[in-house]
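Reading through the structure tokens given below for one structure.
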Amino acid sequence: TEIGATLDKVYDSMRKMQVAQTGRVFAVDLRDGPAKGRLYGLADANARLDLEQPRAKTWFDGLAAVDTESELATKGSALNGFKDDLPRYLAVGRYVPWGWAVVAEAPVDELTGPARHAITWLWGGVAVAVLILVGVLWWSVGFLVSRPVRELSAGIAHLSSGDLRQTIAVRTQDEMGLLASNLEAFRLNLVASLGTVRGSADAVAAASGEIAQGN
């Protein structure tokens, strides 16, 4: 009949649908009577819920309580007779004219797997970024702090030993740079002062020589 041909097409369409890797789309007959609990759209044309089984009955009642459409989270599956406790996600739509609930069911792990994979990669990227940041900070500390401190220490060592020839480099504009600038100014003042002293000593020596020759 025409209705039978239409139903066959509907069943065939549902059999070809797949949700995630192992999920399926099928219909459940909710009408009271001999067809109650039958499953349509599966490879087994005679598949039926065992409504004497408490878990199957609870699952069936959950579908029957849906008015138009809803999303449900369940443990176990009607597809394998509730032989496991794996969490499943159900998208349910009621088709009132036929008394059906059309169900798209898939294991939660399969639906959330790509998201978990993306989150894993995200955390991996964050970890790499943190390591890079730590490396940059370590290099920055070495370049901006340790190096100026070493150079200042070397400059002070030269000054304390009387070596005024070594210039104290000013590389930054922060407190370390100000300290280096002050030490360099101190060195230059010392050089100038010593130059003045040497000039005076030379002048005195020259004058003494002239006096000695005059006598």
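Here, A, B, ... name the chains of the structure tokens in the order displayed, residue numbers run from 1 inside each chain, and ligands are numbered from 1 in the same displayed order.
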
Show me, as a list in words, the residues that have an atom within 8 Å of segment 50-67 of chain A when counting only C-alpha atoms, minus same-chain residues fewer than 4 positions from it.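 Near neighbours after the sequence-gap exclusion: Leu30, Gly37, Thr74, Ala78, Gly81, Phe82, Val92, Gly93, Arg94 and Ala101 of chain A.
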
Selection file, C-alpha atoms, as a tab-separated table (two decimals), in the first residue's frame:
chain	number	residue	atom	x	y	z
A	30	LEU	CA	4.24	5.15	22.30
A	37	GLY	CA	7.30	-0.20	22.67
A	74	THR	CA	20.17	8.47	30.20
A	78	ALA	CA	17.41	0.72	24.14
A	81	GLY	CA	18.57	-3.84	25.77
A	82	PHE	CA	20.17	-1.68	28.49
A	92	VAL	CA	13.64	13.41	21.26
A	93	GLY	CA	10.89	14.72	18.99
A	94	ARG	CA	7.23	13.66	19.29
A	101	ALA	CA	8.84	9.51	19.56

Among segment 57-134 of chain A, which ones does DSSP assign to strand (DSSP E or B) (computed from the backbone)? Answer as a ChimeraX atom specification. /A:69-75,87-95,100-107

Tell me, as a PyMOL selection string, which residues lie within 7 Å of Ala27 of chain A, counting only C-alpha atoms; anything in the same chain fewer than 3 positions away does not count. chain A and resi 39-41+100-103

Since we have the selection now, will you write its residues out, keeping all heavy atoms, as an mmCIF file, in the first residue's frame?
data_model
loop_
_atom_site.group_PDB
_atom_site.id
_atom_site.type_symbol
_atom_site.label_atom_id
_atom_site.label_comp_id
_atom_site.auth_asym_id
_atom_site.auth_seq_id
_atom_site.Cartn_x
_atom_site.Cartn_y
_atom_site.Cartn_z
ATOM 1 N N LEU A 39 10.304 -0.606 18.145
ATOM 2 C CA LEU A 39 11.358 0.294 17.674
ATOM 3 C C LEU A 39 11.414 0.212 16.159
ATOM 4 O O LEU A 39 11.537 -0.879 15.588
ATOM 5 C CB LEU A 39 12.712 -0.113 18.277
ATOM 6 C CG LEU A 39 12.773 -0.205 19.814
ATOM 7 C CD1 LEU A 39 14.160 -0.646 20.263
ATOM 8 C CD2 LEU A 39 12.402 1.121 20.458
ATOM 9 N N TYR A 40 11.338 1.351 15.491
ATOM 10 C CA TYR A 40 11.335 1.388 14.030
ATOM 11 C C TYR A 40 12.617 2.067 13.514
ATOM 12 O O TYR A 40 13.183 2.938 14.161
ATOM 13 C CB TYR A 40 10.120 2.174 13.519
ATOM 14 C CG TYR A 40 8.796 1.661 14.011
ATOM 15 C CD1 TYR A 40 8.013 2.410 14.891
ATOM 16 C CD2 TYR A 40 8.319 0.423 13.601
ATOM 17 C CE1 TYR A 40 6.797 1.945 15.336
ATOM 18 C CE2 TYR A 40 7.093 -0.050 14.046
ATOM 19 C CZ TYR A 40 6.340 0.710 14.917
ATOM 20 O OH TYR A 40 5.130 0.237 15.363
ATOM 21 N N GLY A 41 13.015 1.645 12.344
ATOM 22 C CA GLY A 41 14.170 2.251 11.703
ATOM 23 C C GLY A 41 15.474 1.557 12.003
ATOM 24 O O GLY A 41 16.548 2.062 11.650
ATOM 25 N N TRP A 100 4.424 8.433 17.711
ATOM 26 C CA TRP A 100 5.842 8.055 17.799
ATOM 27 C C TRP A 100 6.640 9.095 18.584
ATOM 28 O O TRP A 100 6.282 10.263 18.658
ATOM 29 C CB TRP A 100 6.478 7.971 16.415
ATOM 30 C CG TRP A 100 6.090 6.786 15.596
ATOM 31 C CD1 TRP A 100 5.189 5.810 15.894
ATOM 32 C CD2 TRP A 100 6.621 6.461 14.307
ATOM 33 N NE1 TRP A 100 5.096 4.895 14.889
ATOM 34 C CE2 TRP A 100 5.977 5.270 13.885
ATOM 35 C CE3 TRP A 100 7.535 7.033 13.451
ATOM 36 C CZ2 TRP A 100 6.242 4.654 12.673
ATOM 37 C CZ3 TRP A 100 7.809 6.438 12.241
ATOM 38 C CH2 TRP A 100 7.173 5.256 11.847
ATOM 39 N N ALA A 101 7.766 8.628 19.094
ATOM 40 C CA ALA A 101 8.845 9.506 19.556
ATOM 41 C C ALA A 101 10.053 9.187 18.686
ATOM 42 O O ALA A 101 10.498 8.033 18.634
ATOM 43 C CB ALA A 101 9.166 9.274 21.022
ATOM 44 N N VAL A 102 10.513 10.151 17.942
ATOM 45 C CA VAL A 102 11.695 9.960 17.110
ATOM 46 C C VAL A 102 12.916 10.336 17.947
ATOM 47 O O VAL A 102 13.003 11.426 18.517
ATOM 48 C CB VAL A 102 11.632 10.829 15.837
ATOM 49 C CG1 VAL A 102 12.888 10.636 14.992
ATOM 50 C CG2 VAL A 102 10.385 10.483 15.033
ATOM 51 N N VAL A 103 13.855 9.392 18.029
ATOM 52 C CA VAL A 103 14.987 9.526 18.954
ATOM 53 C C VAL A 103 16.293 9.518 18.171
ATOM 54 O O VAL A 103 16.509 8.654 17.310
ATOM 55 C CB VAL A 103 14.991 8.374 19.982
ATOM 56 C CG1 VAL A 103 16.181 8.510 20.927
ATOM 57 C CG2 VAL A 103 13.679 8.342 20.753
#

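Atom CA of Val25 of chain A sits 14.5 Å away from atom CA of Glu69 of chain A.
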
Pick from A:Met14, A:Val28, A:Ala157, A:Val149: nearest to Val170 of chain A, with only C-alpha atoms counted?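 Under the stated criterion, the closest residue is A:Val149.
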